[in-house]
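Containing mmCIF, C-alpha atoms: my_file05.cif.
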```
data_my_file
#
loop_
_atom_site.label_atom_id
_atom_site.label_comp_id
_atom_site.auth_asym_id
_atom_site.auth_seq_id
_atom_site.Cartn_x
_atom_site.Cartn_y
_atom_site.Cartn_z
CA MET A 1 4.36 -0.46 2.81
CA GLN A 2 1.49 1.08 0.86
CA ILE A 3 1.05 4.71 1.90
CA GLY A 4 -1.95 6.75 0.85
CA ILE A 5 -4.95 8.81 1.84
CA PHE A 6 -8.63 8.28 2.40
CA SER A 7 -11.54 10.69 2.31
CA VAL A 8 -14.89 10.56 4.08
CA GLY A 9 -16.24 13.15 1.66
CA ASP A 10 -17.79 15.49 4.23
CA VAL A 11 -19.22 18.86 3.23
CA THR A 12 -18.24 21.08 6.16
CA VAL A 13 -18.18 24.83 6.67
CA ASP A 14 -14.71 26.33 6.62
CA PRO A 15 -14.62 28.07 10.03
CA THR A 16 -12.15 30.67 8.78
CA THR A 17 -14.48 31.88 6.01
CA GLY A 18 -17.92 30.74 7.14
CA LYS A 19 -18.50 29.10 3.76
CA ALA A 20 -19.03 25.49 2.75
CA PRO A 21 -18.33 24.05 -0.70
CA SER A 22 -21.26 22.93 -2.81
CA GLU A 23 -21.73 19.22 -3.35
CA HIS A 24 -20.40 19.67 -6.88
CA GLU A 25 -17.31 21.48 -5.63
CA ARG A 26 -16.64 18.85 -2.98
CA ILE A 27 -16.96 15.94 -5.41
CA LYS A 28 -14.65 17.62 -7.90
CA ALA A 29 -12.21 18.41 -5.10
CA MET A 30 -12.04 14.74 -4.11
CA VAL A 31 -11.09 13.84 -7.68
CA THR A 32 -8.39 16.52 -7.72
CA ILE A 33 -7.04 15.23 -4.40
CA ALA A 34 -6.93 11.65 -5.69
CA LYS A 35 -4.99 12.68 -8.78
CA HIS A 36 -2.61 14.80 -6.73
CA ALA A 37 -1.98 11.90 -4.37
CA GLU A 38 -0.63 9.97 -7.34
CA ASP A 39 1.41 12.96 -8.47
CA VAL A 40 3.25 13.22 -5.12
CA GLY A 41 4.03 9.49 -5.12
CA MET A 42 1.38 7.98 -2.88
CA ASP A 43 0.19 4.42 -3.43
CA VAL A 44 -3.51 4.48 -2.53
CA PHE A 45 -6.56 6.73 -2.71
CA ALA A 46 -9.68 5.54 -0.89
CA THR A 47 -13.13 7.08 -0.72
CA GLY A 48 -15.84 6.45 1.84
CA GLU A 49 -19.42 5.47 1.10
CA HIS A 50 -22.16 7.55 2.71
CA HIS A 51 -25.83 8.04 1.91
CA ASN A 52 -26.56 10.85 4.35
CA ARG A 53 -25.65 14.48 4.67
CA PRO A 54 -23.16 16.08 5.17
CA PHE A 55 -21.36 13.51 2.98
CA VAL A 56 -21.28 13.24 -0.82
CA PRO A 57 -19.64 9.93 -1.90
CA SER A 58 -22.74 7.77 -2.25
CA SER A 59 -21.37 5.94 -5.31
CA PRO A 60 -17.71 5.00 -4.77
CA THR A 61 -17.36 2.99 -7.97
CA THR A 62 -18.58 5.92 -10.07
CA MET A 63 -16.00 8.21 -8.52
CA LEU A 64 -13.19 5.66 -8.66
CA GLY A 65 -13.96 4.79 -12.27
CA TYR A 66 -13.67 8.47 -13.14
CA VAL A 67 -10.38 8.72 -11.25
CA ALA A 68 -9.11 5.52 -12.89
CA ALA A 69 -9.42 7.13 -16.31
CA GLN A 70 -7.19 10.01 -15.20
CA THR A 71 -4.49 8.08 -13.31
CA SER A 72 -2.11 5.27 -14.16
CA ARG A 73 -0.48 3.94 -11.01
CA ILE A 74 -2.36 4.65 -7.79
CA ILE A 75 -4.48 1.88 -6.21
CA LEU A 76 -8.14 2.87 -6.01
CA SER A 77 -9.94 1.70 -2.90
CA THR A 78 -12.73 2.49 -0.50
CA SER A 79 -12.49 3.50 3.12
CA THR A 80 -15.85 1.81 3.60
CA THR A 81 -17.99 -0.22 1.24
CA LEU A 82 -21.20 -0.96 3.11
CA ILE A 83 -21.50 -4.74 3.21
CA THR A 84 -24.68 -4.44 5.27
CA THR A 85 -26.93 -2.32 3.06
CA ASN A 86 -25.49 -3.06 -0.39
CA ASP A 87 -26.60 -6.16 -2.27
CA PRO A 88 -23.65 -8.57 -2.52
CA VAL A 89 -24.51 -9.22 -6.17
CA LYS A 90 -24.17 -5.52 -6.94
CA ILE A 91 -20.91 -5.26 -5.02
CA ALA A 92 -19.52 -8.25 -6.93
CA GLU A 93 -20.50 -6.78 -10.29
CA ASP A 94 -19.56 -3.14 -9.61
CA TYR A 95 -16.08 -3.81 -8.26
CA ALA A 96 -15.25 -6.43 -10.88
CA MET A 97 -16.25 -3.90 -13.54
CA LEU A 98 -14.10 -1.24 -11.87
CA GLN A 99 -11.25 -3.72 -11.67
CA HIS A 100 -11.35 -4.24 -15.45
CA LEU A 101 -11.50 -0.51 -16.15
CA ALA A 102 -8.59 0.22 -13.80
CA ASP A 103 -6.45 -2.70 -15.03
CA GLY A 104 -6.49 -4.31 -11.61
CA ARG A 105 -5.74 -1.21 -9.51
CA VAL A 106 -8.70 -1.85 -7.23
CA ASP A 107 -9.39 -3.17 -3.76
CA LEU A 108 -11.97 -2.32 -1.11
CA ILE A 109 -12.52 -2.03 2.61
CA LEU A 110 -15.79 -3.60 3.70
CA GLY A 111 -17.55 -2.27 6.77
CA ARG A 112 -20.89 -2.22 8.55
CA GLY A 113 -21.17 1.56 8.60
CA ASN A 114 -22.01 3.45 11.75
CA THR A 115 -25.06 5.45 10.69
CA ALA A 116 -28.13 3.58 11.91
CA PRO A 117 -30.74 5.60 9.94
CA VAL A 118 -29.22 4.38 6.66
CA TYR A 119 -30.36 0.78 7.18
CA PRO A 120 -34.12 1.25 6.66
CA TRP A 121 -33.46 3.36 3.57
CA PHE A 122 -32.22 0.14 1.98
CA GLY A 123 -34.81 -2.16 3.54
CA LYS A 124 -32.53 -3.38 6.35
CA SER A 125 -32.51 -3.18 10.13
CA PRO A 126 -29.51 -1.97 12.16
CA GLN A 127 -30.23 -4.78 14.62
CA ASP A 128 -29.21 -7.22 11.87
CA SER A 129 -25.92 -5.49 11.10
CA VAL A 130 -23.60 -8.28 12.23
CA ASP A 131 -25.74 -11.03 10.64
CA LEU A 132 -25.87 -9.03 7.41
CA THR A 133 -22.11 -8.57 7.46
CA VAL A 134 -21.47 -12.30 7.81
CA GLU A 135 -24.11 -13.52 5.36
CA ASN A 136 -23.46 -10.90 2.70
CA TYR A 137 -19.74 -11.46 2.71
CA HIS A 138 -20.06 -15.22 2.47
CA LEU A 139 -22.19 -14.68 -0.64
CA LEU A 140 -19.87 -12.02 -2.11
CA ARG A 141 -16.91 -14.35 -1.73
CA ARG A 142 -18.72 -17.14 -3.57
CA LEU A 143 -19.84 -14.81 -6.35
CA TRP A 144 -16.23 -13.89 -7.05
CA ASP A 145 -14.71 -17.34 -6.50
CA GLU A 146 -17.29 -19.53 -8.29
CA ASP A 147 -18.57 -19.16 -11.84
CA VAL A 148 -22.03 -20.55 -11.03
CA VAL A 149 -23.63 -19.99 -7.65
CA THR A 150 -26.73 -21.49 -6.10
CA TRP A 151 -27.39 -19.93 -2.73
CA GLU A 152 -30.09 -19.33 -0.15
CA GLY A 153 -29.88 -17.16 2.95
CA LYS A 154 -31.95 -15.11 5.35
CA HIS A 155 -31.61 -11.54 4.13
CA ARG A 156 -32.10 -11.64 0.34
CA THR A 157 -33.84 -13.72 -2.29
CA PRO A 158 -32.19 -17.03 -3.29
CA LEU A 159 -29.93 -17.41 -6.31
CA HIS A 160 -30.20 -20.36 -8.69
CA ASN A 161 -27.38 -21.11 -11.14
CA PHE A 162 -26.35 -17.45 -11.09
CA THR A 163 -23.17 -16.04 -12.62
CA SER A 164 -21.95 -12.60 -11.62
CA THR A 165 -20.61 -10.63 -14.57
CA PRO A 166 -18.06 -9.50 -15.44
CA ARG A 167 -15.88 -12.13 -13.85
CA PRO A 168 -12.90 -10.82 -11.82
CA LEU A 169 -9.98 -9.72 -13.96
CA ASP A 170 -7.76 -12.70 -14.86
CA GLY A 171 -9.59 -14.75 -12.25
CA VAL A 172 -8.23 -12.66 -9.35
CA ALA A 173 -10.93 -10.93 -7.33
CA PRO A 174 -10.31 -7.51 -5.78
CA PHE A 175 -8.46 -7.80 -2.49
CA VAL A 176 -10.73 -7.27 0.50
CA TRP A 177 -9.88 -5.50 3.72
CA HIS A 178 -12.41 -5.66 6.55
CA GLY A 179 -12.64 -2.40 8.45
CA THR A 180 -14.08 -1.78 11.86
CA ILE A 181 -14.00 0.54 14.83
CA ARG A 182 -15.30 -1.83 17.49
CA THR A 183 -16.65 -5.16 16.20
CA PRO A 184 -14.71 -8.38 17.01
CA GLN A 185 -16.83 -10.41 14.56
CA VAL A 186 -15.36 -8.39 11.69
CA ALA A 187 -11.85 -9.36 12.76
CA GLU A 188 -13.03 -12.98 12.84
CA ILE A 189 -14.38 -12.81 9.27
CA ALA A 190 -11.15 -11.26 7.98
CA ALA A 191 -9.11 -13.96 9.71
CA TYR A 192 -11.30 -16.82 8.47
CA TYR A 193 -10.87 -15.86 4.83
CA GLY A 194 -7.25 -14.76 5.14
CA ASP A 195 -8.29 -11.25 4.07
CA GLY A 196 -6.82 -7.99 5.29
CA TYR A 197 -7.92 -6.21 8.44
CA PHE A 198 -8.07 -2.40 8.47
CA ALA A 199 -8.19 -0.60 11.81
CA ASN A 200 -9.74 2.84 11.53
CA ASN A 201 -7.15 4.15 14.04
CA ILE A 202 -8.46 7.70 14.23
CA PHE A 203 -10.62 8.40 17.24
CA TRP A 204 -9.53 5.88 19.84
CA PRO A 205 -6.39 5.39 21.94
CA LYS A 206 -3.96 2.74 20.73
CA GLU A 207 -5.06 0.20 23.37
CA HIS A 208 -8.47 -0.09 21.72
CA TYR A 209 -7.02 -1.12 18.36
CA GLN A 210 -4.32 -3.27 19.90
CA GLN A 211 -7.04 -5.59 21.19
CA LEU A 212 -8.80 -5.88 17.82
CA ILE A 213 -5.61 -6.32 15.81
CA SER A 214 -4.28 -8.91 18.25
CA LEU A 215 -7.54 -10.85 17.95
CA TYR A 216 -7.32 -10.77 14.17
CA ARG A 217 -3.70 -11.91 14.16
CA GLU A 218 -4.43 -14.80 16.53
CA ARG A 219 -7.41 -15.99 14.49
CA TYR A 220 -5.52 -15.55 11.20
CA ALA A 221 -2.96 -18.03 12.48
CA HIS A 222 -5.69 -20.28 13.88
CA TYR A 223 -7.19 -20.67 10.41
CA GLY A 224 -3.84 -21.66 8.96
CA HIS A 225 -2.97 -18.65 6.83
CA GLY A 226 0.42 -18.02 8.44
CA THR A 227 1.90 -16.78 11.66
CA PRO A 228 0.21 -13.95 13.59
CA GLU A 229 3.00 -11.65 12.43
CA GLN A 230 2.20 -12.44 8.79
CA ALA A 231 -1.43 -11.28 8.98
CA ILE A 232 -2.32 -8.43 6.59
CA VAL A 233 -3.00 -5.26 8.58
CA GLY A 234 -3.83 -1.71 7.54
CA LEU A 235 -4.04 1.38 9.73
CA GLY A 236 -5.69 4.76 9.47
CA GLY A 237 -4.27 8.00 10.73
CA GLN A 238 -4.59 11.73 10.20
CA PHE A 239 -2.33 14.73 10.07
CA PHE A 240 -1.96 18.44 9.51
CA ILE A 241 1.60 19.59 8.95
CA ARG A 242 3.53 22.76 8.32
CA PRO A 243 7.29 23.27 8.09
CA LYS A 244 7.10 24.77 11.59
CA SER A 245 5.15 22.90 14.25
CA GLN A 246 3.50 25.92 15.85
CA ASP A 247 2.24 27.13 12.49
CA ALA A 248 0.49 23.78 12.02
CA VAL A 249 -1.16 24.07 15.43
CA ASN A 250 -2.27 27.65 14.81
CA ASP A 251 -3.60 26.94 11.32
CA PHE A 252 -5.44 23.70 12.20
CA ARG A 253 -6.95 24.73 15.55
CA PRO A 254 -10.06 26.47 14.14
CA TYR A 255 -10.81 23.42 11.99
CA PHE A 256 -10.34 21.04 14.88
CA ASP A 257 -12.43 23.13 17.27
CA ASN A 258 -15.38 23.30 14.86
CA ALA A 259 -15.23 19.91 13.15
CA PRO A 260 -18.44 17.88 13.58
CA VAL A 261 -16.46 14.68 14.07
CA TYR A 262 -14.42 15.79 17.07
CA GLY A 263 -14.98 19.47 17.68
CA HIS A 264 -16.34 20.85 20.95
CA GLY A 265 -14.77 17.96 22.86
CA PRO A 266 -11.18 17.38 24.01
CA SER A 267 -8.63 20.08 23.31
CA LEU A 268 -6.41 19.76 20.27
CA GLU A 269 -3.46 19.07 22.55
CA ASP A 270 -5.29 16.31 24.44
CA PHE A 271 -6.56 14.72 21.25
CA THR A 272 -3.15 14.62 19.59
CA SER A 273 -1.58 13.10 22.71
CA GLN A 274 -4.25 10.39 23.06
CA THR A 275 -4.95 9.45 19.43
CA PRO A 276 -2.99 9.03 16.16
CA LEU A 277 -3.71 12.61 15.01
CA THR A 278 -0.48 14.51 14.30
CA VAL A 279 -0.55 18.30 14.10
CA GLY A 280 2.97 19.59 13.77
CA SER A 281 6.10 19.38 11.66
CA PRO A 282 6.97 16.74 9.06
CA GLN A 283 9.45 15.17 11.48
CA GLU A 284 6.77 14.89 14.17
CA LEU A 285 4.54 13.08 11.68
CA ILE A 286 7.38 10.74 10.72
CA ASP A 287 8.14 9.94 14.35
CA LYS A 288 4.54 9.28 15.32
CA THR A 289 3.77 7.16 12.26
CA LEU A 290 6.86 5.01 12.78
CA SER A 291 5.73 4.40 16.37
CA PHE A 292 2.58 2.62 15.14
CA ARG A 293 4.44 -0.61 14.38
CA GLU A 294 5.68 -0.66 18.00
CA PHE A 295 2.06 -0.90 19.15
CA PHE A 296 0.46 -2.96 16.38
CA GLY A 297 3.30 -4.95 14.82
CA ASP A 298 4.48 -4.84 11.21
CA TYR A 299 1.74 -3.92 8.77
CA GLN A 300 1.16 -3.38 5.08
CA ARG A 301 -0.94 -0.25 4.53
CA GLN A 302 -1.04 3.22 6.07
CA LEU A 303 -3.82 5.60 5.02
CA PHE A 304 -4.21 9.17 6.26
CA LEU A 305 -7.28 11.40 6.47
CA VAL A 306 -6.30 14.86 5.23
CA ASP A 307 -9.28 16.57 3.59
CA HIS A 308 -12.01 16.83 6.23
CA ALA A 309 -13.32 19.42 8.72
CA GLY A 310 -13.81 22.14 6.11
CA LEU A 311 -10.20 22.38 4.99
CA PRO A 312 -10.12 24.15 1.61
CA LEU A 313 -8.80 22.30 -1.43
CA LYS A 314 -5.78 24.61 -1.71
CA THR A 315 -4.70 23.69 1.82
CA VAL A 316 -5.19 19.96 1.26
CA LEU A 317 -3.03 20.07 -1.87
CA GLU A 318 -0.36 21.95 0.09
CA GLN A 319 -0.49 19.20 2.70
CA LEU A 320 0.04 16.56 0.04
CA ASP A 321 2.95 18.46 -1.50
CA LEU A 322 4.70 18.79 1.86
CA PHE A 323 4.02 15.16 2.69
CA GLY A 324 5.37 14.02 -0.67
CA SER A 325 8.59 16.00 -0.34
CA ASP A 326 9.37 15.91 3.39
CA VAL A 327 7.63 12.82 4.80
CA LEU A 328 7.01 10.12 2.22
CA PRO A 329 10.65 9.38 1.24
CA THR A 330 11.68 8.96 4.88
CA LEU A 331 8.70 6.78 5.74
CA ARG A 332 9.43 4.50 2.79
CA LYS A 333 13.09 4.21 3.75
CA GLU A 334 12.40 3.56 7.43
CA PHE A 335 9.60 1.06 6.89
CA ALA A 336 11.76 -0.86 4.40
CA LYS A 337 14.65 -0.92 6.85
CA ARG A 338 12.56 -2.00 9.84
CA THR A 339 10.29 -4.61 8.24
CA PRO A 340 11.60 -8.19 8.46
CA ALA A 341 11.82 -10.24 5.26
CA SER A 342 9.29 -12.70 6.69
CA ILE A 343 6.50 -10.11 6.59
CA PRO A 344 4.31 -10.42 3.46
CA ALA A 345 4.38 -7.63 0.92
CA PRO A 346 1.29 -5.46 0.62
CA PRO A 347 -1.36 -7.10 -1.56
CA THR A 348 -1.46 -5.86 -5.14
CA PHE A 349 -3.18 -7.26 -8.19
CA GLU A 350 0.18 -8.09 -9.74
CA ASN A 351 1.61 -10.06 -6.85
CA ARG A 352 -1.66 -11.88 -6.24
CA LEU A 353 -1.91 -12.82 -9.92
CA ALA A 354 1.69 -14.07 -9.79
CA ALA A 355 0.86 -16.19 -6.75
CA VAL A 356 -2.15 -17.74 -8.53
CA SER A 357 -0.05 -18.46 -11.61
CA ALA A 358 2.66 -20.06 -9.53
CA HIS A 359 0.16 -22.50 -8.03
CA ALA A 360 -1.59 -23.26 -11.32
#
```

Can the structure from this file be put into structure tokens for me?
Amino acid sequence: MQIGIFSVGDVTVDPTTGKAPSEHERIKAMVTIAKHAEDVGMDVFATGEHHNRPFVPSSPTTMLGYVAAQTSRIILSTSTTLITTNDPVKIAEDYAMLQHLADGRVDLILGRGNTAPVYPWFGKSPQDSVDLTVENYHLLRRLWDEDVVTWEGKHRTPLHNFTSTPRPLDGVAPFVWHGTIRTPQVAEIAAYYGDGYFANNIFWPKEHYQQLISLYRERYAHYGHGTPEQAIVGLGGQFFIRPKSQDAVNDFRPYFDNAPVYGHGPSLEDFTSQTPLTVGSPQELIDKTLSFREFFGDYQRQLFLVDHAGLPLKTVLEQLDLFGSDVLPTLRKEFAKRTPASIPAPPTFENRLAAVSAHA
């Protein structure tokens, strides 16, 4: 099991102080969080991609390249790379370049994005989002898998005898997860290619994601990649923990009540009972996280959102320290004990390169 964190990079007022970080402070804080995630033993750091306020990570590869130079082990990923509004040629080039700089420690989660106003900023229409997702990914896949590509589609200019450079490191393209909140076609694309499927798993009850993950597993098997149980699944989640449960509730409540993403709606208690959010003790987080496999089956990656809603950097680092000491060792032990040997290992550059070499 790969265990890590993801950030959406929001700039939000801290409700306990009435102050918001500057964009510079927030960007630097994300880098500090990524490095600290490696320090406490996590496997993955992922950043979102947003081009609208109140978010700052508009250039994931720039940030991840900077983090790559200051880390040695952690996998660098995205929590969304916008397959709809980014040019597939630029995605192919940028992430292959990042892959070389990070010595293979790179993968990405592709998604449509859920901010409609962004589309016209990049010359696209939100009405074309699904078509763009399908067409752009087909092209991206070819750009990584074929040295010379001739291609013609609906949403960009044709390519004639084009080679994307640099080529993927050692001939192994970055692993792709397809992320979605609600779109069955994304599960279909992930299944067709035998790629990973990442369920956001933050805002919705488990039944919502059970349907999407089940669809992906069924179609993964349909396309001949393995059994449904062997499909590559990742899940999101979020937490706020303190050694004592009530302290976590008291400390997090003002952030929850004022957060743009879910504030002013259900109570904290209702939200934690109906969604994957855990606010409580380390043991409560362990118990809830281990319950995910009961609903969704065995899976390969668990990412948590920990740095949103105006939480100050000091608090986020405290969360990571407590997670690393009181949660992570138990999760690793329990996942290892409960996962059957027939379930594929999480995708890494090293094991994918070994698989390619074995079939050469």

* Who sits within 8 Å of Ile286 in chain A, all atoms listed in the file, same chain under 2 positions skipped, as a list of chain:residue names ->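 Contacts, with the query itself left out: A:Pro282, A:Gln283, A:Glu284, A:Lys288, A:Thr289, A:Leu290, A:Val327, A:Thr330, A:Leu331.
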
Evaluate the PyMOL selection byres ((chain A and resi 252-264) around 12) and record the selected residues as a PDB file with C-alpha atoms, in the coordinates of the input, following the chain and residue labels used in the document.
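Saved to result_9.pdb:
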```pdb
ATOM      1  CA  VAL A   8     -14.890  10.560   4.080  1.00  0.00           C
ATOM      2  CA  ASP A  10     -17.790  15.490   4.230  1.00  0.00           C
ATOM      3  CA  VAL A  11     -19.220  18.860   3.230  1.00  0.00           C
ATOM      4  CA  THR A  12     -18.240  21.080   6.160  1.00  0.00           C
ATOM      5  CA  VAL A  13     -18.180  24.830   6.670  1.00  0.00           C
ATOM      6  CA  ASP A  14     -14.710  26.330   6.620  1.00  0.00           C
ATOM      7  CA  PRO A  15     -14.620  28.070  10.030  1.00  0.00           C
ATOM      8  CA  THR A  16     -12.150  30.670   8.780  1.00  0.00           C
ATOM      9  CA  THR A  17     -14.480  31.880   6.010  1.00  0.00           C
ATOM     10  CA  GLY A  18     -17.920  30.740   7.140  1.00  0.00           C
ATOM     11  CA  ARG A  53     -25.650  14.480   4.670  1.00  0.00           C
ATOM     12  CA  PRO A  54     -23.160  16.080   5.170  1.00  0.00           C
ATOM     13  CA  PHE A  55     -21.360  13.510   2.980  1.00  0.00           C
ATOM     14  CA  ILE A 202      -8.460   7.700  14.230  1.00  0.00           C
ATOM     15  CA  PHE A 203     -10.620   8.400  17.240  1.00  0.00           C
ATOM     16  CA  TRP A 204      -9.530   5.880  19.840  1.00  0.00           C
ATOM     17  CA  GLN A 238      -4.590  11.730  10.200  1.00  0.00           C
ATOM     18  CA  PHE A 239      -2.330  14.730  10.070  1.00  0.00           C
ATOM     19  CA  PHE A 240      -1.960  18.440   9.510  1.00  0.00           C
ATOM     20  CA  ILE A 241       1.600  19.590   8.950  1.00  0.00           C
ATOM     21  CA  ARG A 242       3.530  22.760   8.320  1.00  0.00           C
ATOM     22  CA  SER A 245       5.150  22.900  14.250  1.00  0.00           C
ATOM     23  CA  GLN A 246       3.500  25.920  15.850  1.00  0.00           C
ATOM     24  CA  ASP A 247       2.240  27.130  12.490  1.00  0.00           C
ATOM     25  CA  ALA A 248       0.490  23.780  12.020  1.00  0.00           C
ATOM     26  CA  VAL A 249      -1.160  24.070  15.430  1.00  0.00           C
ATOM     27  CA  ASN A 250      -2.270  27.650  14.810  1.00  0.00           C
ATOM     28  CA  ASP A 251      -3.600  26.940  11.320  1.00  0.00           C
ATOM     29  CA  GLY A 265     -14.770  17.960  22.860  1.00  0.00           C
ATOM     30  CA  PRO A 266     -11.180  17.380  24.010  1.00  0.00           C
ATOM     31  CA  SER A 267      -8.630  20.080  23.310  1.00  0.00           C
ATOM     32  CA  LEU A 268      -6.410  19.760  20.270  1.00  0.00           C
ATOM     33  CA  GLU A 269      -3.460  19.070  22.550  1.00  0.00           C
ATOM     34  CA  ASP A 270      -5.290  16.310  24.440  1.00  0.00           C
ATOM     35  CA  PHE A 271      -6.560  14.720  21.250  1.00  0.00           C
ATOM     36  CA  THR A 272      -3.150  14.620  19.590  1.00  0.00           C
ATOM     37  CA  THR A 275      -4.950   9.450  19.430  1.00  0.00           C
ATOM     38  CA  LEU A 277      -3.710  12.610  15.010  1.00  0.00           C
ATOM     39  CA  THR A 278      -0.480  14.510  14.300  1.00  0.00           C
ATOM     40  CA  VAL A 279      -0.550  18.300  14.100  1.00  0.00           C
ATOM     41  CA  GLY A 280       2.970  19.590  13.770  1.00  0.00           C
ATOM     42  CA  VAL A 306      -6.300  14.860   5.230  1.00  0.00           C
ATOM     43  CA  ASP A 307      -9.280  16.570   3.590  1.00  0.00           C
ATOM     44  CA  HIS A 308     -12.010  16.830   6.230  1.00  0.00           C
ATOM     45  CA  ALA A 309     -13.320  19.420   8.720  1.00  0.00           C
ATOM     46  CA  GLY A 310     -13.810  22.140   6.110  1.00  0.00           C
ATOM     47  CA  LEU A 311     -10.200  22.380   4.990  1.00  0.00           C
ATOM     48  CA  PRO A 312     -10.120  24.150   1.610  1.00  0.00           C
ATOM     49  CA  THR A 315      -4.700  23.690   1.820  1.00  0.00           C
ATOM     50  CA  VAL A 316      -5.190  19.960   1.260  1.00  0.00           C
ATOM     51  CA  GLN A 319      -0.490  19.200   2.700  1.00  0.00           C
TER      52      GLN A 319
END
```

* the PyMOL selection byres ((chain A and resi 234) around 8) on the file shown: which residues, as a list in words? ->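 Listing what the PyMOL selection byres ((chain A and resi 234) around 8) selects in the shown file: Gly196, Tyr197, Phe198, Ala199, Ile232, Val233, Leu235, Gly236, Tyr299, Gln300, Arg301, Gln302 and Leu303 of chain A.
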
* Structure fact -> From CA of Tyr192 in chain A to CA of Arg219 in chain A the spacing works out at 7.2 Å

* To do: Find the distance between CA of Val118 in chain A and CA of Ala34 in chain A and write it in Å to one decimal.
  =>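 Here the two named atoms are 26.5 Å from each other.
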
* Point-to-point distance from CA of Thr81 in chain A to CA of Leu110 in chain A, Å rounded to tenths ->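 According to the coordinates, CA of Thr81 in chain A and CA of Leu110 in chain A are separated by 4.7 Å.
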
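The closest residue to Gly123 in chain A, picked from A:Ser7, A:Ser72, A:Thr85, A:Thr157 and counting all atoms listed in the file, is A:Thr85.
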
* Which residue of A:His359, A:His51, A:Arg73, A:Arg156 approaches Val89 in chain A most closely, using only C-alpha atoms ->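 Nearest to Val89 in chain A: A:Arg156.
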
* Shortest interatomic distance to Gln210 in chain A - which of A:Phe292, A:Phe122, A:Phe6, A:Phe335, counting only C-alpha atoms ->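 The answer is A:Phe292, which sits nearest to Gln210 in chain A.
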
* Asked: Exactly which residues make up the result of the PyMOL selection byres ((chain A and resi 177-191) around 10) on this file, given as a PyMOL selection string?
  -> chain A and resi 77-81+83+107-114+130-131+133-134+137-138+174-176+192-204+208-209+211-225+231-235

* Residue among A:His50, A:His160, A:Lys337, A:Arg167 lying closest to Trp144 in chain A, counting only C-alpha atoms -> A:Arg167

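Proximity ranking of A:Ser281, A:Ser357, A:Gln99, A:Asn52 relative to Leu322 in chain A places A:Ser281 first, based on only C-alpha atoms.
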
* Can you tell me, as a ChimeraX atom specification, what residues are no more than 9 Å from Ala37 in chain A when counting all atoms listed in the file, ignoring any on the same chain fewer than 4 positions away? -> /A:4-5,32-33,41-45,74,317,320-321,324

* Rank nothing, just name the residue among A:Gly65, A:Glu146, A:Pro243, A:Pro21 nearest to His100 in chain A, using all atoms listed in the file. =>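 Answer, going by the shortest atom-to-atom distance: A:Gly65.
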
Selection near Pro166 in chain A, 9 Å with all atoms listed in the file, sequence-local residues under 3 positions removed, as an mmCIF file with C-alpha atoms, in the coordinates of the input:
```
data_model
loop_
_atom_site.group_PDB
_atom_site.id
_atom_site.type_symbol
_atom_site.label_atom_id
_atom_site.label_comp_id
_atom_site.auth_asym_id
_atom_site.auth_seq_id
_atom_site.Cartn_x
_atom_site.Cartn_y
_atom_site.Cartn_z
ATOM 1 C CA ALA A 92 -19.520 -8.250 -6.930
ATOM 2 C CA GLU A 93 -20.500 -6.780 -10.290
ATOM 3 C CA ASP A 94 -19.560 -3.140 -9.610
ATOM 4 C CA ALA A 96 -15.250 -6.430 -10.880
ATOM 5 C CA MET A 97 -16.250 -3.900 -13.540
ATOM 6 C CA HIS A 100 -11.350 -4.240 -15.450
ATOM 7 C CA THR A 163 -23.170 -16.040 -12.620
ATOM 8 C CA LEU A 169 -9.980 -9.720 -13.960
#
```
